Number of protein chains: 2
Amino acid sequence: MSDILHRIGAMAFPEDVYATLTTTDGLARWWTADTKGDSDPGGVVAFRFGEAGGFDMKVLEARPSELVRWEVVDGPEEWIGTQIRFDLKREGEWTIILFRHEGWREQVEFMHHCSTKWATFLMSLKSLVETGQGQPAPYDVKVSNWH
Amino acid sequence: MSDILHRIGAMAFPEDVYATLTTTDGLARWWTADTKGDSDPGGVVAFRFGEAGGFDMKVLEARPSELVRWEVVDGPEEWIGTQIRFDLKREGEWTIILFRHEGWREQVEFMHHCSTKWATFLMSLKSLVETGQGQPAPYDVKVSNWH
């Protein structure tokens, strides 16, 4: 098993960062504009990226200003069954997000790609809570020929 | 053991990407402006980031337009003994870089941070070969309170 890890910090309150992770409106403003579903624990959120398809995430846990956990229940084969977690903590004026996309079965080329894309999307989240403006798909940063 | 993985693609020739990985001038234009040393196989390159310190990399292997491998011989304790590799390949008009920073002993918070920073530095490399302008330290993208 292998994991994608990231750490970003935003000059924002933990509750505001938490809101971007636990509401479809918040998620749509940094990850993909096409976000629908039930973002409460037990619900499933559908993230779509046009013709590229997308992911369905079951919300496993949501602890206000502390933790959000998802399980991938539909999407590319490599993603199904993997889990994503966002741990939040306060450090002075910063809210720190420790991000993990855990449980990849193999270190395939697609995993390398997803790691870089997660970094740019987390920078989009940082920008959203700091400036009000994120870069969700289809306005996301292109990192390669795979988008 | 745990690894940081990334994949970026640049609209550039493999030999130009390779040059940014195997010359101190090239490295200084996307990773850190303070880069000195011997970038030939067997040599050691010193990368410095002001008061934050830096890394000494021994060049293990350099295969033109294909592969560059380094071993960290000095720097933060967590980095020493880890290895970094850049695999290059051509896909149409793109040069793809598969990046690996391998052999982390533990998934510490610093590893999360370094993963995100590598993504932004690889985007700096992409920008350098596509536009002539990278964002090396001290002009690098700030991702958190840790820089």
# chains A, B, ... in the order shown; residues from 1 in each chain; ligands from 1
call {"tool": "interface_residues", "arguments": {"of": "chain B", "to": "chain A", "cutoff": "6 Å", "atoms": "only C-alpha atoms", "output": "PyMOL selection string"}}
result
chain B and resi 5-9+112-113+115-116+119+143-144
call {"tool": "write_last_selection", "arguments": {"atoms": "C-alpha atoms", "output": "CSV table (one decimal), in the first residue's frame"}}
result
chain,number,residue,atom,x,y,z
B,5,LEU,CA,5.6,10.7,-6.2
B,6,HIS,CA,4.8,13.3,-8.8
B,7,ARG,CA,4.2,13.5,-12.6
B,8,ILE,CA,4.4,16.7,-14.7
B,9,GLY,CA,4.6,17.3,-18.4
B,112,HIS,CA,3.8,15.9,3.9
B,113,HIS,CA,5.3,19.4,3.5
B,115,SER,CA,5.6,16.5,-1.0
B,116,THR,CA,3.6,19.7,-1.6
B,119,ALA,CA,4.9,19.7,-6.6
B,143,VAL,CA,2.5,26.7,0.7
B,144,SER,CA,2.2,27.3,4.5
call {"tool": "residues_around", "arguments": {"residues": "Gly26 of chain A", "least_positions_apart": "6", "cutoff": "10 Å", "atoms": "only C-alpha atoms", "output": "list in words"}}
result
Asp16, Val17, Tyr18, Ala19, Thr20, Thr32, Ala33, Thr35, Leu125, Leu128, Val129 and Gly134 of chain A
call {"tool": "select_by_dssp", "arguments": {"residues": "segment 12-41 of chain A", "states": "alpha helix (DSSP H)", "output": "ChimeraX atom specification"}}
result
/A:14-22,24-28
call {"tool": "write_last_selection", "arguments": {"atoms": "all heavy atoms", "output": "mmCIF file, in the first residue's frame"}}
result
data_model
loop_
_atom_site.group_PDB
_atom_site.id
_atom_site.type_symbol
_atom_site.label_atom_id
_atom_site.label_comp_id
_atom_site.auth_asym_id
_atom_site.auth_seq_id
_atom_site.Cartn_x
_atom_site.Cartn_y
_atom_site.Cartn_z
ATOM 1 N N PRO A 14 -10.049 27.678 11.182
ATOM 2 C CA PRO A 14 -10.330 26.256 10.920
ATOM 3 C C PRO A 14 -11.777 26.024 10.489
ATOM 4 O O PRO A 14 -12.040 25.193 9.617
ATOM 5 C CB PRO A 14 -10.038 25.583 12.262
ATOM 6 C CG PRO A 14 -9.045 26.470 12.931
ATOM 7 C CD PRO A 14 -9.406 27.869 12.507
ATOM 8 N N GLU A 15 -12.718 26.773 11.061
ATOM 9 C CA GLU A 15 -14.127 26.542 10.705
ATOM 10 C C GLU A 15 -14.408 26.912 9.257
ATOM 11 O O GLU A 15 -15.263 26.294 8.615
ATOM 12 C CB GLU A 15 -15.091 27.262 11.668
ATOM 13 C CG GLU A 15 -14.787 28.706 11.931
ATOM 14 C CD GLU A 15 -13.916 28.952 13.172
ATOM 15 O OE1 GLU A 15 -12.950 28.174 13.390
ATOM 16 O OE2 GLU A 15 -14.194 29.926 13.901
ATOM 17 N N ASP A 16 -13.663 27.886 8.735
ATOM 18 C CA ASP A 16 -13.862 28.257 7.326
ATOM 19 C C ASP A 16 -13.252 27.205 6.393
ATOM 20 O O ASP A 16 -13.805 26.899 5.336
ATOM 21 C CB ASP A 16 -13.260 29.641 7.047
ATOM 22 C CG ASP A 16 -14.027 30.739 7.776
ATOM 23 O OD1 ASP A 16 -15.228 30.534 8.035
ATOM 24 O OD2 ASP A 16 -13.430 31.772 8.108
ATOM 25 N N VAL A 17 -12.085 26.679 6.781
ATOM 26 C CA VAL A 17 -11.488 25.600 5.994
ATOM 27 C C VAL A 17 -12.407 24.376 6.034
ATOM 28 O O VAL A 17 -12.697 23.753 5.004
ATOM 29 C CB VAL A 17 -10.084 25.243 6.525
ATOM 30 C CG1 VAL A 17 -9.526 24.035 5.799
ATOM 31 C CG2 VAL A 17 -9.149 26.450 6.386
ATOM 32 N N TYR A 18 -12.898 24.073 7.233
ATOM 33 C CA TYR A 18 -13.802 22.926 7.404
ATOM 34 C C TYR A 18 -15.035 23.053 6.507
ATOM 35 O O TYR A 18 -15.475 22.067 5.894
ATOM 36 C CB TYR A 18 -14.208 22.835 8.877
ATOM 37 C CG TYR A 18 -15.083 21.658 9.225
ATOM 38 C CD1 TYR A 18 -14.550 20.379 9.353
ATOM 39 C CD2 TYR A 18 -16.457 21.823 9.434
ATOM 40 C CE1 TYR A 18 -15.355 19.287 9.677
ATOM 41 C CE2 TYR A 18 -17.266 20.749 9.757
ATOM 42 C CZ TYR A 18 -16.713 19.490 9.876
ATOM 43 O OH TYR A 18 -17.515 18.419 10.195
ATOM 44 N N ALA A 19 -15.562 24.265 6.382
ATOM 45 C CA ALA A 19 -16.759 24.479 5.549
ATOM 46 C C ALA A 19 -16.475 24.167 4.078
ATOM 47 O O ALA A 19 -17.352 23.667 3.371
ATOM 48 C CB ALA A 19 -17.255 25.922 5.695
ATOM 49 N N THR A 20 -15.246 24.425 3.634
ATOM 50 C CA THR A 20 -14.926 24.141 2.222
ATOM 51 C C THR A 20 -14.810 22.646 1.964
ATOM 52 O O THR A 20 -14.766 22.221 0.812
ATOM 53 C CB THR A 20 -13.598 24.793 1.777
ATOM 54 O OG1 THR A 20 -12.514 24.162 2.452
ATOM 55 C CG2 THR A 20 -13.588 26.285 2.039
ATOM 56 N N LEU A 21 -14.718 21.867 3.040
ATOM 57 C CA LEU A 21 -14.558 20.411 2.915
ATOM 58 C C LEU A 21 -15.853 19.659 3.164
ATOM 59 O O LEU A 21 -15.937 18.455 2.898
ATOM 60 C CB LEU A 21 -13.512 19.909 3.919
ATOM 61 C CG LEU A 21 -12.094 20.467 3.758
ATOM 62 C CD1 LEU A 21 -11.228 20.044 4.943
ATOM 63 C CD2 LEU A 21 -11.487 19.984 2.446
ATOM 64 N N THR A 22 -16.852 20.356 3.686
ATOM 65 C CA THR A 22 -18.052 19.657 4.155
ATOM 66 C C THR A 22 -19.346 20.231 3.597
ATOM 67 O O THR A 22 -20.426 19.882 4.079
ATOM 68 C CB THR A 22 -18.115 19.693 5.703
ATOM 69 O OG1 THR A 22 -17.958 21.048 6.131
ATOM 70 C CG2 THR A 22 -17.021 18.818 6.309
ATOM 71 N N THR A 24 -21.218 21.081 -0.329
ATOM 72 C CA THR A 24 -21.027 20.927 -1.781
ATOM 73 C C THR A 24 -20.646 22.274 -2.403
ATOM 74 O O THR A 24 -19.837 22.317 -3.321
ATOM 75 C CB THR A 24 -22.284 20.357 -2.476
ATOM 76 O OG1 THR A 24 -23.417 21.133 -2.086
ATOM 77 C CG2 THR A 24 -22.518 18.907 -2.098
ATOM 78 N N ASP A 25 -21.185 23.368 -1.860
ATOM 79 C CA ASP A 25 -20.812 24.680 -2.397
ATOM 80 C C ASP A 25 -19.326 24.958 -2.169
ATOM 81 O O ASP A 25 -18.616 25.421 -3.074
ATOM 82 C CB ASP A 25 -21.659 25.782 -1.737
ATOM 83 C CG ASP A 25 -21.258 27.149 -2.240
ATOM 84 O OD1 ASP A 25 -21.343 27.362 -3.465
ATOM 85 O OD2 ASP A 25 -20.832 27.992 -1.427
ATOM 86 N N GLY A 26 -18.828 24.661 -0.982
ATOM 87 C CA GLY A 26 -17.408 24.875 -0.688
ATOM 88 C C GLY A 26 -16.522 24.001 -1.563
ATOM 89 O O GLY A 26 -15.546 24.479 -2.155
ATOM 90 N N LEU A 27 -16.861 22.733 -1.666
ATOM 91 C CA LEU A 27 -16.061 21.795 -2.478
ATOM 92 C C LEU A 27 -16.037 22.225 -3.948
ATOM 93 O O LEU A 27 -15.013 22.102 -4.624
ATOM 94 C CB LEU A 27 -16.626 20.379 -2.337
ATOM 95 C CG LEU A 27 -16.413 19.749 -0.949
ATOM 96 C CD1 LEU A 27 -17.387 18.605 -0.705
ATOM 97 C CD2 LEU A 27 -14.970 19.274 -0.791
ATOM 98 N N ALA A 28 -17.175 22.741 -4.414
ATOM 99 C CA ALA A 28 -17.280 23.160 -5.829
ATOM 100 C C ALA A 28 -16.404 24.361 -6.132
ATOM 101 O O ALA A 28 -16.114 24.640 -7.295
ATOM 102 C CB ALA A 28 -18.731 23.501 -6.157
#
call {"tool": "residues_around", "arguments": {"residues": "Arg85 of chain A", "least_positions_apart": "6", "cutoff": "9 Å", "atoms": "only C-alpha atoms", "output": "CSV table (one decimal) with N, CA, C and O atoms, in the first residue's frame"}}
result
chain,number,residue,atom,x,y,z
A,67,LEU,N,-11.4,17.1,11.4
A,67,LEU,CA,-11.1,16.0,10.6
A,67,LEU,C,-12.3,15.7,9.6
A,67,LEU,O,-13.5,15.8,10.0
A,68,VAL,N,-11.9,15.4,8.4
A,68,VAL,CA,-12.9,14.9,7.4
A,68,VAL,C,-12.3,13.7,6.8
A,68,VAL,O,-11.1,13.7,6.3
A,69,ARG,N,-13.1,12.6,6.7
A,69,ARG,CA,-12.6,11.4,6.0
A,69,ARG,C,-13.6,10.9,5.0
A,69,ARG,O,-14.8,10.9,5.2
A,70,TRP,N,-13.1,10.5,3.8
A,70,TRP,CA,-14.0,10.0,2.7
A,70,TRP,C,-13.4,8.6,2.3
A,70,TRP,O,-12.3,8.3,2.4
A,71,GLU,N,-14.4,7.8,1.8
A,71,GLU,CA,-13.9,6.6,1.1
A,71,GLU,C,-14.4,6.7,-0.4
A,71,GLU,O,-15.5,7.1,-0.6
A,98,LEU,N,-3.3,18.7,7.0
A,98,LEU,CA,-2.5,17.5,6.7
A,98,LEU,C,-3.5,16.6,5.9
A,98,LEU,O,-4.5,16.1,6.3
A,99,PHE,N,-3.0,16.4,4.6
A,99,PHE,CA,-3.9,15.6,3.7
A,99,PHE,C,-3.3,14.2,3.4
A,99,PHE,O,-2.0,14.1,3.3
A,100,ARG,N,-4.1,13.2,3.4
A,100,ARG,CA,-3.6,11.9,3.0
A,100,ARG,C,-4.6,11.2,2.0
A,100,ARG,O,-5.8,11.2,2.3
A,101,HIS,N,-4.1,10.7,1.0
A,101,HIS,CA,-5.0,9.8,0.1
A,101,HIS,C,-4.3,8.4,0.2
A,101,HIS,O,-3.3,8.1,-0.4
A,102,GLU,N,-4.9,7.6,1.0
A,102,GLU,CA,-4.3,6.4,1.5
A,102,GLU,C,-4.8,5.1,0.8
A,102,GLU,O,-6.0,5.0,0.4
call {"tool": "select_by_dssp", "arguments": {"residues": "segment 68-126 of chain B", "states": "strand (DSSP E or B)", "output": "list in words"}}
result
Val68, Arg69, Trp70, Glu71, Val72, Val73, Asp74, Gln83, Ile84, Arg85, Phe86, Asp87, Leu88, Lys89, Arg90, Glu91, Trp94, Thr95, Ile96, Ile97, Leu98, Phe99, Arg100, His101, Glu102, Gly103 and Trp104 of chain B
call {"tool": "residues_around", "arguments": {"residues": "Glu66 of chain B", "least_positions_apart": "6", "cutoff": "7 Å", "atoms": "only C-alpha atoms", "output": "PDB file with all heavy atoms, in the first residue's frame"}}
result
ATOM      1  N   ASP B  87      12.640  10.380 -13.965  1.00  0.00           N
ATOM      2  CA  ASP B  87      12.579   9.611 -15.220  1.00  0.00           C
ATOM      3  C   ASP B  87      11.924  10.490 -16.273  1.00  0.00           C
ATOM      4  O   ASP B  87      10.832  11.028 -16.039  1.00  0.00           O
ATOM      5  CB  ASP B  87      11.742   8.337 -15.032  1.00  0.00           C
ATOM      6  CG  ASP B  87      12.498   7.249 -14.310  1.00  0.00           C
ATOM      7  OD1 ASP B  87      13.254   6.527 -14.983  1.00  0.00           O
ATOM      8  OD2 ASP B  87      12.357   7.137 -13.074  1.00  0.00           O
ATOM      9  N   LEU B  88      12.568  10.613 -17.416  1.00  0.00           N
ATOM     10  CA  LEU B  88      12.043  11.445 -18.496  1.00  0.00           C
ATOM     11  C   LEU B  88      11.594  10.570 -19.655  1.00  0.00           C
ATOM     12  O   LEU B  88      12.218   9.553 -19.960  1.00  0.00           O
ATOM     13  CB  LEU B  88      13.128  12.393 -19.024  1.00  0.00           C
ATOM     14  CG  LEU B  88      13.889  13.234 -18.005  1.00  0.00           C
ATOM     15  CD1 LEU B  88      14.831  14.188 -18.734  1.00  0.00           C
ATOM     16  CD2 LEU B  88      12.928  14.011 -17.127  1.00  0.00           C
ATOM     17  N   LYS B  89      10.507  10.982 -20.310  1.00  0.00           N
ATOM     18  CA  LYS B  89      10.099  10.307 -21.547  1.00  0.00           C
ATOM     19  C   LYS B  89       9.329  11.284 -22.420  1.00  0.00           C
ATOM     20  O   LYS B  89       8.733  12.246 -21.930  1.00  0.00           O
ATOM     21  CB  LYS B  89       9.260   9.068 -21.242  1.00  0.00           C
ATOM     22  CG  LYS B  89       7.973   9.347 -20.494  1.00  0.00           C
ATOM     23  CD  LYS B  89       7.174   8.065 -20.302  1.00  0.00           C
ATOM     24  CE  LYS B  89       5.960   8.328 -19.413  1.00  0.00           C
ATOM     25  NZ  LYS B  89       5.095   7.145 -19.278  1.00  0.00           N
TER      26      LYS B  89
END
call {"tool": "residues_around", "arguments": {"residues": "Pro136 of chain A", "least_positions_apart": "3", "cutoff": "6 Å", "atoms": "only C-alpha atoms", "output": "count of residues only"}}
result
7
call {"tool": "atom_distance", "arguments": {"atom1": "atom CA of Asp38 of chain A", "atom2": "atom CA of Ala12 of chain A"}}
result
25.0 Å
call {"tool": "atom_distance", "arguments": {"atom1": "atom CA of Ile80 of chain B", "atom2": "atom CA of Pro138 of chain B"}}
result
22.9 Å
call {"tool": "atom_distance", "arguments": {"atom1": "atom CA of Gly42 of chain B", "atom2": "atom CA of Glu61 of chain B"}}
result
7.9 Å
call {"tool": "decode", "arguments": {"residues": "segment 17-32 of chain B", "atoms": "all heavy atoms", "output": "PDB file, in the first residue's frame"}}
result
ATOM      1  N   VAL B  17      14.826  19.623 -20.789  1.00  0.00           N
ATOM      2  CA  VAL B  17      14.454  19.272 -19.414  1.00  0.00           C
ATOM      3  C   VAL B  17      15.660  18.651 -18.707  1.00  0.00           C
ATOM      4  O   VAL B  17      15.985  19.010 -17.563  1.00  0.00           O
ATOM      5  CB  VAL B  17      13.255  18.295 -19.409  1.00  0.00           C
ATOM      6  CG1 VAL B  17      12.958  17.828 -17.984  1.00  0.00           C
ATOM      7  CG2 VAL B  17      12.026  18.954 -20.036  1.00  0.00           C
ATOM      8  N   TYR B  18      16.333  17.768 -19.399  1.00  0.00           N
ATOM      9  CA  TYR B  18      17.519  17.105 -18.830  1.00  0.00           C
ATOM     10  C   TYR B  18      18.571  18.136 -18.405  1.00  0.00           C
ATOM     11  O   TYR B  18      19.178  18.012 -17.333  1.00  0.00           O
ATOM     12  CB  TYR B  18      18.087  16.144 -19.876  1.00  0.00           C
ATOM     13  CG  TYR B  18      19.273  15.330 -19.411  1.00  0.00           C
ATOM     14  CD1 TYR B  18      19.113  14.234 -18.566  1.00  0.00           C
ATOM     15  CD2 TYR B  18      20.560  15.666 -19.839  1.00  0.00           C
ATOM     16  CE1 TYR B  18      20.215  13.486 -18.159  1.00  0.00           C
ATOM     17  CE2 TYR B  18      21.653  14.922 -19.432  1.00  0.00           C
ATOM     18  CZ  TYR B  18      21.484  13.831 -18.597  1.00  0.00           C
ATOM     19  OH  TYR B  18      22.566  13.099 -18.188  1.00  0.00           O
ATOM     20  N   ALA B  19      18.748  19.175 -19.225  1.00  0.00           N
ATOM     21  CA  ALA B  19      19.747  20.213 -18.899  1.00  0.00           C
ATOM     22  C   ALA B  19      19.405  20.933 -17.594  1.00  0.00           C
ATOM     23  O   ALA B  19      20.299  21.314 -16.835  1.00  0.00           O
ATOM     24  CB  ALA B  19      19.866  21.216 -20.042  1.00  0.00           C
ATOM     25  N   THR B  20      18.110  21.094 -17.314  1.00  0.00           N
ATOM     26  CA  THR B  20      17.726  21.792 -16.071  1.00  0.00           C
ATOM     27  C   THR B  20      17.975  20.923 -14.844  1.00  0.00           C
ATOM     28  O   THR B  20      17.933  21.408 -13.721  1.00  0.00           O
ATOM     29  CB  THR B  20      16.236  22.193 -16.055  1.00  0.00           C
ATOM     30  OG1 THR B  20      15.438  21.004 -15.991  1.00  0.00           O
ATOM     31  CG2 THR B  20      15.850  23.014 -17.269  1.00  0.00           C
ATOM     32  N   LEU B  21      18.207  19.628 -15.070  1.00  0.00           N
ATOM     33  CA  LEU B  21      18.421  18.693 -13.958  1.00  0.00           C
ATOM     34  C   LEU B  21      19.892  18.356 -13.759  1.00  0.00           C
ATOM     35  O   LEU B  21      20.258  17.738 -12.759  1.00  0.00           O
ATOM     36  CB  LEU B  21      17.656  17.383 -14.229  1.00  0.00           C
ATOM     37  CG  LEU B  21      16.144  17.503 -14.344  1.00  0.00           C
ATOM     38  CD1 LEU B  21      15.543  16.174 -14.810  1.00  0.00           C
ATOM     39  CD2 LEU B  21      15.535  17.915 -13.008  1.00  0.00           C
ATOM     40  N   THR B  22      20.729  18.720 -14.728  1.00  0.00           N
ATOM     41  CA  THR B  22      22.116  18.241 -14.713  1.00  0.00           C
ATOM     42  C   THR B  22      23.139  19.364 -14.855  1.00  0.00           C
ATOM     43  O   THR B  22      24.315  19.094 -15.087  1.00  0.00           O
ATOM     44  CB  THR B  22      22.331  17.225 -15.858  1.00  0.00           C
ATOM     45  OG1 THR B  22      21.855  17.794 -17.082  1.00  0.00           O
ATOM     46  CG2 THR B  22      21.595  15.927 -15.573  1.00  0.00           C
ATOM     47  N   THR B  23      22.688  20.609 -14.709  1.00  0.00           N
ATOM     48  CA  THR B  23      23.634  21.730 -14.684  1.00  0.00           C
ATOM     49  C   THR B  23      23.276  22.595 -13.475  1.00  0.00           C
ATOM     50  O   THR B  23      22.092  22.728 -13.135  1.00  0.00           O
ATOM     51  CB  THR B  23      23.528  22.605 -15.956  1.00  0.00           C
ATOM     52  OG1 THR B  23      22.198  23.140 -16.036  1.00  0.00           O
ATOM     53  CG2 THR B  23      23.811  21.782 -17.218  1.00  0.00           C
ATOM     54  N   THR B  24      24.291  23.149 -12.826  1.00  0.00           N
ATOM     55  CA  THR B  24      23.982  23.983 -11.652  1.00  0.00           C
ATOM     56  C   THR B  24      23.191  25.219 -12.090  1.00  0.00           C
ATOM     57  O   THR B  24      22.314  25.678 -11.352  1.00  0.00           O
ATOM     58  CB  THR B  24      25.266  24.400 -10.905  1.00  0.00           C
ATOM     59  OG1 THR B  24      26.191  24.947 -11.834  1.00  0.00           O
ATOM     60  CG2 THR B  24      25.900  23.198 -10.204  1.00  0.00           C
ATOM     61  N   ASP B  25      23.465  25.733 -13.277  1.00  0.00           N
ATOM     62  CA  ASP B  25      22.709  26.888 -13.753  1.00  0.00           C
ATOM     63  C   ASP B  25      21.234  26.529 -13.950  1.00  0.00           C
ATOM     64  O   ASP B  25      20.334  27.279 -13.540  1.00  0.00           O
ATOM     65  CB  ASP B  25      23.297  27.388 -15.080  1.00  0.00           C
ATOM     66  CG  ASP B  25      22.502  28.570 -15.610  1.00  0.00           C
ATOM     67  OD1 ASP B  25      22.394  29.572 -14.875  1.00  0.00           O
ATOM     68  OD2 ASP B  25      21.985  28.490 -16.735  1.00  0.00           O
ATOM     69  N   GLY B  26      20.985  25.377 -14.551  1.00  0.00           N
ATOM     70  CA  GLY B  26      19.601  24.941 -14.751  1.00  0.00           C
ATOM     71  C   GLY B  26      18.886  24.713 -13.425  1.00  0.00           C
ATOM     72  O   GLY B  26      17.762  25.199 -13.212  1.00  0.00           O
ATOM     73  N   LEU B  27      19.520  24.016 -12.514  1.00  0.00           N
ATOM     74  CA  LEU B  27      18.919  23.729 -11.207  1.00  0.00           C
ATOM     75  C   LEU B  27      18.619  25.026 -10.445  1.00  0.00           C
ATOM     76  O   LEU B  27      17.596  25.132  -9.758  1.00  0.00           O
ATOM     77  CB  LEU B  27      19.845  22.825 -10.394  1.00  0.00           C
ATOM     78  CG  LEU B  27      19.952  21.391 -10.946  1.00  0.00           C
ATOM     79  CD1 LEU B  27      21.221  20.703 -10.445  1.00  0.00           C
ATOM     80  CD2 LEU B  27      18.723  20.574 -10.563  1.00  0.00           C
ATOM     81  N   ALA B  28      19.526  25.992 -10.585  1.00  0.00           N
ATOM     82  CA  ALA B  28      19.365  27.271  -9.874  1.00  0.00           C
ATOM     83  C   ALA B  28      18.170  28.062 -10.386  1.00  0.00           C
ATOM     84  O   ALA B  28      17.692  28.975  -9.703  1.00  0.00           O
ATOM     85  CB  ALA B  28      20.628  28.117 -10.033  1.00  0.00           C
ATOM     86  N   ARG B  29      17.683  27.700 -11.553  1.00  0.00           N
ATOM     87  CA  ARG B  29      16.590  28.481 -12.139  1.00  0.00           C
ATOM     88  C   ARG B  29      15.210  27.905 -11.855  1.00  0.00           C
ATOM     89  O   ARG B  29      14.200  28.486 -12.230  1.00  0.00           O
ATOM     90  CB  ARG B  29      16.826  28.656 -13.645  1.00  0.00           C
ATOM     91  CG  ARG B  29      18.055  29.557 -13.889  1.00  0.00           C
ATOM     92  CD  ARG B  29      18.450  29.602 -15.350  1.00  0.00           C
ATOM     93  NE  ARG B  29      17.446  30.289 -16.150  1.00  0.00           N
ATOM     94  CZ  ARG B  29      17.320  30.145 -17.468  1.00  0.00           C
ATOM     95  NH1 ARG B  29      18.115  29.304 -18.127  1.00  0.00           N
ATOM     96  NH2 ARG B  29      16.395  30.794 -18.124  1.00  0.00           N
ATOM     97  N   TRP B  30      15.157  26.730 -11.174  1.00  0.00           N
ATOM     98  CA  TRP B  30      13.821  26.237 -10.788  1.00  0.00           C
ATOM     99  C   TRP B  30      13.753  25.766  -9.334  1.00  0.00           C
ATOM    100  O   TRP B  30      12.685  25.780  -8.735  1.00  0.00           O
ATOM    101  CB  TRP B  30      13.324  25.129 -11.716  1.00  0.00           C
ATOM    102  CG  TRP B  30      14.085  23.830 -11.648  1.00  0.00           C
ATOM    103  CD1 TRP B  30      15.154  23.480 -12.422  1.00  0.00           C
ATOM    104  CD2 TRP B  30      13.847  22.725 -10.777  1.00  0.00           C
ATOM    105  NE1 TRP B  30      15.591  22.220 -12.079  1.00  0.00           N
ATOM    106  CE2 TRP B  30      14.807  21.724 -11.077  1.00  0.00           C
ATOM    107  CE3 TRP B  30      12.909  22.460  -9.766  1.00  0.00           C
ATOM    108  CZ2 TRP B  30      14.859  20.496 -10.402  1.00  0.00           C
ATOM    109  CZ3 TRP B  30      12.957  21.239  -9.093  1.00  0.00           C
ATOM    110  CH2 TRP B  30      13.925  20.279  -9.416  1.00  0.00           C
ATOM    111  N   TRP B  31      14.884  25.351  -8.713  1.00  0.00           N
ATOM    112  CA  TRP B  31      14.770  24.851  -7.342  1.00  0.00           C
ATOM    113  C   TRP B  31      15.251  25.877  -6.329  1.00  0.00           C
ATOM    114  O   TRP B  31      14.460  26.369  -5.534  1.00  0.00           O
ATOM    115  CB  TRP B  31      15.466  23.500  -7.183  1.00  0.00           C
ATOM    116  CG  TRP B  31      15.037  22.783  -5.924  1.00  0.00           C
ATOM    117  CD1 TRP B  31      13.914  23.051  -5.189  1.00  0.00           C
ATOM    118  CD2 TRP B  31      15.710  21.738  -5.251  1.00  0.00           C
ATOM    119  NE1 TRP B  31      13.850  22.217  -4.099  1.00  0.00           N
ATOM    120  CE2 TRP B  31      14.938  21.401  -4.110  1.00  0.00           C
ATOM    121  CE3 TRP B  31      16.886  21.026  -5.487  1.00  0.00           C
ATOM    122  CZ2 TRP B  31      15.311  20.396  -3.210  1.00  0.00           C
ATOM    123  CZ3 TRP B  31      17.251  20.022  -4.604  1.00  0.00           C
ATOM    124  CH2 TRP B  31      16.471  19.709  -3.476  1.00  0.00           C
ATOM    125  N   THR B  32      16.553  26.176  -6.362  1.00  0.00           N
ATOM    126  CA  THR B  32      17.005  27.250  -5.485  1.00  0.00           C
ATOM    127  C   THR B  32      18.142  28.001  -6.175  1.00  0.00           C
ATOM    128  O   THR B  32      19.067  27.372  -6.721  1.00  0.00           O
ATOM    129  CB  THR B  32      17.443  26.766  -4.093  1.00  0.00           C
ATOM    130  OG1 THR B  32      17.955  27.904  -3.363  1.00  0.00           O
ATOM    131  CG2 THR B  32      18.521  25.687  -4.142  1.00  0.00           C
TER     132      THR B  32
END
